[in-house]
Amino acid sequence: MTPTSELELSDMIKAANGPLRIVGGGTRPIGHVMGEVLSTAALSGITLHEPGALTLVARAGTPVADIEATLATQNQRLAFDPMDHRALMGTSGQPTIGGVVAANISGPRRISVGACRDFLLGVRFVDGAGNIVKNGGRVMKNVTGYDLVKLMAGAYGTLGVLTEVSFKVLPAVEAETTLTLSGLDDTTAIQAMSAALGSPFEVTGVAHDPAQSLTHFRLEGFAASVAYRADALSKLLAPFGTMQDIAGDWSAIRDVTAFAGKTGDVWRISVKPSDAAALAAKIGADAVQYDWGGGLIWALCPVGTDVRTAMIGTAGYATLIRGTGQTFHPEPAPLAAISTGLRAKFDPRGILNTGIMG
Amino acid sequence: MQMPIPDASVIERKDQIVARLLAVLPKDAVIADVVETRAYECDGLTAYRCPPMCAVLPSNTDEVAAVLKICHELGVPVVPRGSGTSLAGGALPTADSVILGVAKMNGVIETNYDDRYIRVQTGRTNLSVTGAVEANGFFYAPDPSSQLACAIAGNIAMNSGGAHCLKYGVTTNNLMGVTMVMMDGTVVDIGGAHMDAGGLDLLGVICGSEGQLGVVTEATLRILPKPEGARPVLMGYDSSEVAGQVVTDIIKAGVLPVAIEFMDRPCIEATENFAHAGYPMCEALLIVEVEGSDAEIDAQLALIMKIAAKHNPVELREAKDADEAGRIWLGRKSAFGAMGQINDYMCLDGTIPVSELPYVLRRISEMSKEFGLDVGNVFHAGDGNMHPLILFDANKEGDLELCEEFGAEILKLCVEVGGCLTGEHGVGIEKRDLMHVQFSAADLEAQMAVKDVFDPKWLLNAAKVFPLDASEPRRVA
């Protein structure tokens with residue numbers, strides 16, 4: 001099924017007599033969903049870009065690349081820096097903006113500017129009963145009614161099929177510099193990253209790669225400002241070593257390309273940074289890398305590794321991005337009851353990406 | 001403003017309900033005396049008043065859970081209350097309700113500078129969150145203008161913003177986790193010191209749900225390192241169109257100021273008479289503030305001044321020091337007080353796409369003549385959040401109603417041009433009956449379905465947010 005309009009999508013969902021597997025570009029397969037494929041590919045196109053208002057609205061099936069290209073003509077960008085999963089997942093195709101929203105996909109800049117959900121201003125979607133619903137809008141400040149925008153971001157289509165999304169976008173930057181410390185163990189690297197994030201120098205990427213023992217700090221902005229802050233940050237972090245100015249490959253960090261093509265399960269773990277090194281040491285990983293100042297751990301583990309048991313006693317969650325097993329972290333009973341209740345309300349027949357989230 | 005008819009069968013049982021509450025709370029935490037309950041009869045929207053049946057002031061999550069469990073069992077409506085500063089009537093009681101105030105719960109539970117968060121009880125005031133961390137060089141970013149008084153509980157309920165959210169976002173962007181008590185007394189922990197949700201983003205829908213999904217008792221908030229410095233510039237223009245274009249040009253140039261504030265002539269005149277800030281008399285005044293080190297501020301302001309100068313300003317003034325910065329902000333910060341000196345006023349809160357600013361201001365000015373009521377506009381120009389202040393005389397028969405009618409027309413205009421009814425104050429009772437203007441029946445149904453899950457009996461703050469006719473089948477079920 002490839003609806004070409006919201007109304008057609010609504011009719012298709014109303015007429016559906018079995019589970020539907022919702023697909024955008026198909027580049028981020030997660031979990032094991034059965035059902036007839038429902039593609040958003042034909043719900044495509046940018047419907048509004050107002051550079052002076054920092055606003056962009058696009059239909060859900062619009063390729064991310066098209067959006068980035070359009071924004072670039074006005075020297076703007078999606079600041080949350082969505083990860084491209086193709087290398088890691090071994091997929092091809094065109095990532096869509098609807099997929100980015102459905103999975104709340106953000107990149108390294110998330111640590112300083114916020115996640116996909118923080119930039120999402122509005123959504124239109126069709127719920128599991130075929131109702132067409134809008135929430136939020138195209139303005140930056142909006143507290144009119146409940147914020148279903150956040151609820152839809154990261155709902156993996158289980159509450160409705162997104163048809164249109166609107167975003168706050170930001171200006172692109174004039175200059176970017178990456179400073180790198182080398183030779184730090186994980187615990188010390190996280191201390192250095194926390195020191196940087198606790199400084200007023202506005203680092204916009206903070207990642208540590210234990211394999212190479214390199215810790216990267218990105219600064220962005222006007223050239224003179226970047227130069228000033230690079231100097232100030234080097235002085236602040238002098239106790240951790242001498243920082244070198246080497247070109248950082250932030251798309252490789254963002255896309256976790258180090259794990260591409262390697263055998264094993266891939267886990268994405270969110271914890272508070274000061275818990276990260278100790279946790280990473282006990283999950284039995286073949287390799288890890290840290291983003292978000294240590295708040296995000298990517299782990300490549302032998303197939304079937306039980307990461308969640310190792311997490312008992314550590315606040316946070318682990319999502320199985322690549323591998324067979326339970327994809328999402330089990331929720332405590334009262335929260336699971338709320339989530340199940342919401343899915344039952346928005347998708348009473350249980351046909352939208354059934355079972356993907358629990 | 002219509003409110004549901006109070007449930008007489010609840011009011012009849014007042015003695016029994018109070019006795020049950022006294023069994024789980026200290027004596028001084030239950031306020032049932034009819035004179036004393038009047039302290040809770042309204043919030044910042046003082047035009048509407050109704051004393052609650054009683055008020056309770058629990059001291060911790062367990063006590064909140066005990067109260068809600070009793071109210072749930074006995075079918076008693078509950079209205080949560082932070083500091084009572086809502087401008088939308090979010091904490092307005094009904095005569096059959098228990099006010100649940102979090103004022104006693106104002107402690108700091110944990111601060112963590114390495115991981116950059118603070119955990120507080122939600123009765124704590126917004127400004128005192130910053131107060132708890134500023135000695136260590138940190139601050140809490142959302143800064144509603146009531147920040148001296150307003151509680152984090154209310155900030156979360158209304159998803160409060162402030163003048164600096166162009167850069168830092170609003171409450172939802174700075175809230176990491178909550179402990180919340182559901183209406184049936186169940187205590188849930190959502191989120192925490194780690195980032196983003198592992199399942200559905202429940203935190204995202206709780207924030208801004210106006211106290212209808214649960215009572216948030218503790219919150220984990222993101223704290224940020226304080227910038228090295230901040231400085232504003234002031235610019236005056238002969239037309240709001242030009243001022244709007246300046247805002248657009250600044251944003252397009254790649255500068256992201258932390259605040260862009262706009263005032264129109266009626267507001268400028270009122271504040272000048274009141275605060276004597278030395279503002280130029282013109283049609284549109286902008287205050288643009290940037291942050292960073294001294295050198296960074298100089299560079300950004302140079303760029304902004306260059307853009308501003310291109311558009312023939314009647315005045316262009318850069319703050320050279322803290323004193324001059326203070327004077328630039330003085331008028332803006334006293335704008336509401338200044339308008340209040342002239343007359344009673346109603347403060348609106350719609351948001352519009354920035355590009356629609358000149359059209360909307362022109363229409364407001366036309367409507368002002370039609371309704372015969374003066375209006376001044378203060379405006380967070382970077383994000384399109386307007387605060388038209390309509391002046392009226394509360395002692396004059398029919399003036400409040402006329403003012404409300406005018407306000408409703410302005411809000412409808414905001415929706416018509418692609419904006420929304422409320423940018424940061426919340427719907428409460430004030431905008432409740434206008435929700436049909438912005439949302440279809442299906443849109444409202446989807447939102448109410450969320451409340452069905454969290455509060456199936458519709459006991460929590462149920463007469464707010466949704467038009468009474470839309471919520472009636474659920475409220476009376």
# chains A, B, ... in the order shown; residues from 1 in each chain; ligands from 1
>>> closest_atom_pairs(of="chain B", to="chain A", cutoff="7 Å", atoms="only C-alpha atoms", output="CSV")
residue,atom,partner,partner_atom,distance
B:Asp114,CA,A:Ser194,CA,5.4
B:Asp115,CA,A:Pro273,CA,6.1
B:Asn159,CA,A:Val143,CA,6.7
B:Asn173,CA,A:Asp118,CA,6.1
B:Val188,CA,A:Pro334,CA,6.7
B:Ala193,CA,A:Lys272,CA,5.6
B:His194,CA,A:Lys272,CA,4.5
B:Met195,CA,A:Ser270,CA,6.2
B:Gly198,CA,A:Tyr317,CA,5.7
B:Gly199,CA,A:Phe328,CA,6.8
B:Leu200,CA,A:Ala155,CA,5.5
B:Asp201,CA,A:Leu151,CA,5.1
B:Leu202,CA,A:Leu151,CA,6.5
B:Gly204,CA,A:Lys150,CA,5.0
B:Val205,CA,A:Asp147,CA,5.0
B:Gly208,CA,A:Tyr146,CA,6.3
B:Ser209,CA,A:Tyr146,CA,5.4
B:Pro225,CA,A:Pro200,CA,5.4
B:Lys226,CA,A:Pro200,CA,6.1
B:Pro227,CA,A:Pro200,CA,5.1
B:Glu228,CA,A:Pro200,CA,6.4
B:Thr248,CA,A:Gly52,CA,4.6
B:Asp249,CA,A:Gly52,CA,6.9
B:Ile251,CA,A:Gly52,CA,6.0
B:Lys252,CA,A:Gly52,CA,5.6
B:Gly254,CA,A:Pro171,CA,4.9
B:Glu296,CA,A:Ser225,CA,5.6
B:Thr351,CA,A:Lys141,CA,6.6
B:Ile352,CA,A:Val139,CA,6.5
B:Pro353,CA,A:Val139,CA,5.8
B:Val354,CA,A:Ala53,CA,5.7
B:Ser355,CA,A:Ala53,CA,6.8
B:Asp383,CA,A:Met140,CA,5.6
B:Asn385,CA,A:Lys141,CA,6.4
B:Gly419,CA,A:Val139,CA,6.1
B:Cys420,CA,A:Asn142,CA,6.4
B:Leu421,CA,A:Thr144,CA,6.1
B:Thr422,CA,A:Thr144,CA,5.4
B:Gly423,CA,A:Asn142,CA,4.1
B:Glu424,CA,A:Val143,CA,5.8
B:Gly426,CA,A:Val143,CA,5.7
B:Val427,CA,A:Thr144,CA,6.1
B:Ala442,CA,A:Val133,CA,6.0
B:Asp443,CA,A:Val133,CA,5.0
B:Gln447,CA,A:Tyr146,CA,5.9
B:Ala449,CA,A:Lys345,CA,6.4
B:Val450,CA,A:Leu342,CA,6.5
B:Val453,CA,A:Gly341,CA,5.8
B:Phe454,CA,A:Ile338,CA,6.9
B:Val465,CA,A:Gly145,CA,6.4
>>> write_last_selection(atoms="N, CA and C atoms", output="short mmCIF file (atom, residue, chain, number, x, y, z; two decimals), in the first residue's frame")
data_model
loop_
_atom_site.label_atom_id
_atom_site.label_comp_id
_atom_site.auth_asym_id
_atom_site.auth_seq_id
_atom_site.Cartn_x
_atom_site.Cartn_y
_atom_site.Cartn_z
N ASP B 114 28.50 17.42 37.41
CA ASP B 114 29.17 16.63 36.37
C ASP B 114 28.16 16.22 35.29
N ASP B 115 26.98 15.78 35.75
CA ASP B 115 25.96 15.34 34.80
C ASP B 115 24.95 16.43 34.48
N ASN B 159 3.99 24.05 30.68
CA ASN B 159 5.13 24.08 29.76
C ASN B 159 5.58 25.53 29.55
N ASN B 173 11.84 21.31 27.01
CA ASN B 173 13.18 21.08 26.49
C ASN B 173 14.23 21.03 27.59
N VAL B 188 4.52 7.12 39.86
CA VAL B 188 5.34 6.68 38.73
C VAL B 188 6.58 7.57 38.60
N ALA B 193 17.95 11.24 35.03
CA ALA B 193 19.13 12.04 34.71
C ALA B 193 19.72 11.67 33.35
N HIS B 194 19.17 10.63 32.73
CA HIS B 194 19.65 10.23 31.39
C HIS B 194 18.78 10.91 30.33
N MET B 195 19.18 10.78 29.07
CA MET B 195 18.49 11.54 28.03
C MET B 195 17.50 10.72 27.23
N GLY B 198 13.07 5.80 26.63
CA GLY B 198 13.33 4.45 26.13
C GLY B 198 12.10 3.82 25.50
N GLY B 199 10.95 4.37 25.77
CA GLY B 199 9.70 3.90 25.14
C GLY B 199 8.94 5.11 24.65
N LEU B 200 7.63 5.10 24.78
CA LEU B 200 6.87 6.29 24.41
C LEU B 200 7.31 7.48 25.27
N ASP B 201 7.30 8.67 24.68
CA ASP B 201 7.77 9.86 25.38
C ASP B 201 6.66 10.40 26.29
N LEU B 202 6.43 9.70 27.39
CA LEU B 202 5.35 10.10 28.31
C LEU B 202 5.64 11.44 28.95
N GLY B 204 7.01 13.92 27.62
CA GLY B 204 6.65 14.95 26.65
C GLY B 204 5.18 15.31 26.69
N VAL B 205 4.32 14.34 26.95
CA VAL B 205 2.88 14.65 26.96
C VAL B 205 2.43 15.10 28.35
N GLY B 208 2.98 20.21 30.08
CA GLY B 208 1.99 20.99 29.33
C GLY B 208 0.58 20.43 29.41
N SER B 209 0.36 19.41 30.23
CA SER B 209 -0.98 18.81 30.30
C SER B 209 -1.83 19.48 31.38
N PRO B 225 25.63 25.68 32.07
CA PRO B 225 26.65 26.62 32.53
C PRO B 225 26.27 28.04 32.11
N LYS B 226 26.44 28.97 33.04
CA LYS B 226 26.11 30.36 32.73
C LYS B 226 27.02 30.90 31.64
N PRO B 227 26.47 31.66 30.70
CA PRO B 227 27.33 32.27 29.68
C PRO B 227 28.26 33.28 30.34
N GLU B 228 29.34 33.58 29.65
CA GLU B 228 30.31 34.51 30.23
C GLU B 228 29.71 35.89 30.43
N THR B 248 13.70 39.40 10.94
CA THR B 248 13.93 38.38 9.92
C THR B 248 15.37 38.41 9.42
N ASP B 249 15.87 39.61 9.16
CA ASP B 249 17.22 39.73 8.63
C ASP B 249 18.27 39.26 9.65
N ILE B 251 17.83 36.99 11.98
CA ILE B 251 17.76 35.53 12.05
C ILE B 251 18.39 34.89 10.82
N LYS B 252 18.09 35.48 9.67
CA LYS B 252 18.64 34.93 8.42
C LYS B 252 20.16 35.05 8.35
N GLY B 254 22.19 34.40 10.50
CA GLY B 254 22.88 33.33 11.22
C GLY B 254 23.21 33.66 12.66
N GLU B 296 33.06 38.03 21.79
CA GLU B 296 32.00 37.41 21.01
C GLU B 296 30.77 38.30 20.94
N THR B 351 0.46 32.92 19.58
CA THR B 351 1.69 32.91 18.78
C THR B 351 1.33 32.98 17.30
N ILE B 352 2.15 33.70 16.55
CA ILE B 352 1.94 33.79 15.10
C ILE B 352 3.26 33.51 14.39
N PRO B 353 3.19 33.09 13.12
CA PRO B 353 4.42 33.01 12.35
C PRO B 353 5.01 34.43 12.25
N VAL B 354 6.31 34.55 12.46
CA VAL B 354 6.94 35.87 12.55
C VAL B 354 6.62 36.75 11.33
N SER B 355 6.49 36.11 10.18
CA SER B 355 6.25 36.87 8.95
C SER B 355 4.90 37.58 8.97
N ASP B 383 10.32 34.35 18.37
CA ASP B 383 9.54 33.12 18.26
C ASP B 383 8.06 33.36 17.99
N ASN B 385 5.71 34.83 19.72
CA ASN B 385 4.78 34.79 20.86
C ASN B 385 4.36 36.21 21.25
N GLY B 419 -0.94 30.47 13.41
CA GLY B 419 -0.37 30.36 14.75
C GLY B 419 -1.27 29.59 15.70
N CYS B 420 -1.25 29.98 16.97
CA CYS B 420 -2.00 29.21 17.97
C CYS B 420 -2.55 30.13 19.06
N LEU B 421 -3.43 29.57 19.87
CA LEU B 421 -4.14 30.34 20.89
C LEU B 421 -3.25 30.75 22.06
N THR B 422 -2.30 29.89 22.41
CA THR B 422 -1.46 30.19 23.56
C THR B 422 -0.04 29.67 23.37
N GLY B 423 0.91 30.59 23.59
CA GLY B 423 2.30 30.23 23.37
C GLY B 423 3.01 29.78 24.63
N GLU B 424 2.56 30.31 25.81
CA GLU B 424 3.25 29.92 27.03
C GLU B 424 2.41 29.99 28.29
N GLY B 426 -0.82 28.78 28.65
CA GLY B 426 -1.69 27.62 28.79
C GLY B 426 -3.14 27.96 28.49
N VAL B 427 -3.95 26.94 28.35
CA VAL B 427 -5.36 27.11 27.96
C VAL B 427 -6.21 27.41 29.19
N ALA B 442 -11.77 15.61 15.94
CA ALA B 442 -10.84 14.47 16.01
C ALA B 442 -9.55 14.85 16.74
N ASP B 443 -9.09 16.09 16.52
CA ASP B 443 -7.87 16.55 17.21
C ASP B 443 -8.09 16.56 18.73
N GLN B 447 -6.58 14.14 22.04
CA GLN B 447 -5.99 14.65 23.28
C GLN B 447 -6.76 14.11 24.51
N ALA B 449 -8.34 11.42 24.71
CA ALA B 449 -8.06 9.98 24.87
C ALA B 449 -6.84 9.76 25.77
N VAL B 450 -5.90 10.72 25.72
CA VAL B 450 -4.72 10.61 26.59
C VAL B 450 -5.15 10.74 28.06
N VAL B 453 -6.60 7.68 29.63
CA VAL B 453 -5.65 6.65 30.07
C VAL B 453 -5.08 6.98 31.45
N PHE B 454 -4.74 8.25 31.65
CA PHE B 454 -4.10 8.64 32.91
C PHE B 454 -5.13 8.83 34.04
N VAL B 465 -8.93 23.25 29.84
CA VAL B 465 -8.33 22.85 28.56
C VAL B 465 -9.36 22.53 27.46
#
>>> select_by_dssp(residues="segment 304-359 of chain B", states="strand (DSSP E)", output="PyMOL selection string")
chain B and resi 315-318+344-347
>>> residues_around(residues="Gln147 of chain B", least_positions_apart="5", cutoff="12 Å", atoms="only C-alpha atoms", output="list of chain:residue names")
B:Ser83, B:Thr85, B:Ser86, B:Arg124, B:Thr125, B:Asn126, B:Leu127, B:Ser128, B:Val129, B:Thr130, B:Gly131, B:Tyr140, B:Ala141, B:Pro142, B:Ile152, B:Gly154, B:Asn155, B:Ser160, B:Gly161, B:Gly162, B:Ala163
>>> residues_around(residues="Phe336 of chain B", least_positions_apart="6", cutoff="9 Å", atoms="only C-alpha atoms", output="VMD selection string")
chain B and resid 267 271 345 347 378 389
>>> atom_distance(atom1="atom CA of Gly418 of chain B", atom2="atom CA of His387 of chain B")
16.6 Å
>>> residues_around(residues="Ala287 of chain A", least_positions_apart="4", cutoff="8 Å", atoms="only C-alpha atoms", output="PyMOL selection string")
chain A and resi 211+299-301
>>> residues_around(residues="segment 246-254 of chain A", least_positions_apart="6", cutoff="7 Å", atoms="only C-alpha atoms", output="PyMOL selection string")
chain A and resi 83+107-108+178-180
>>> closest_residue(among="B:Leu286, B:Ala230, B:Leu361, B:Val187", to="Asp298 of chain B", atoms="only C-alpha atoms")
B:Ala230
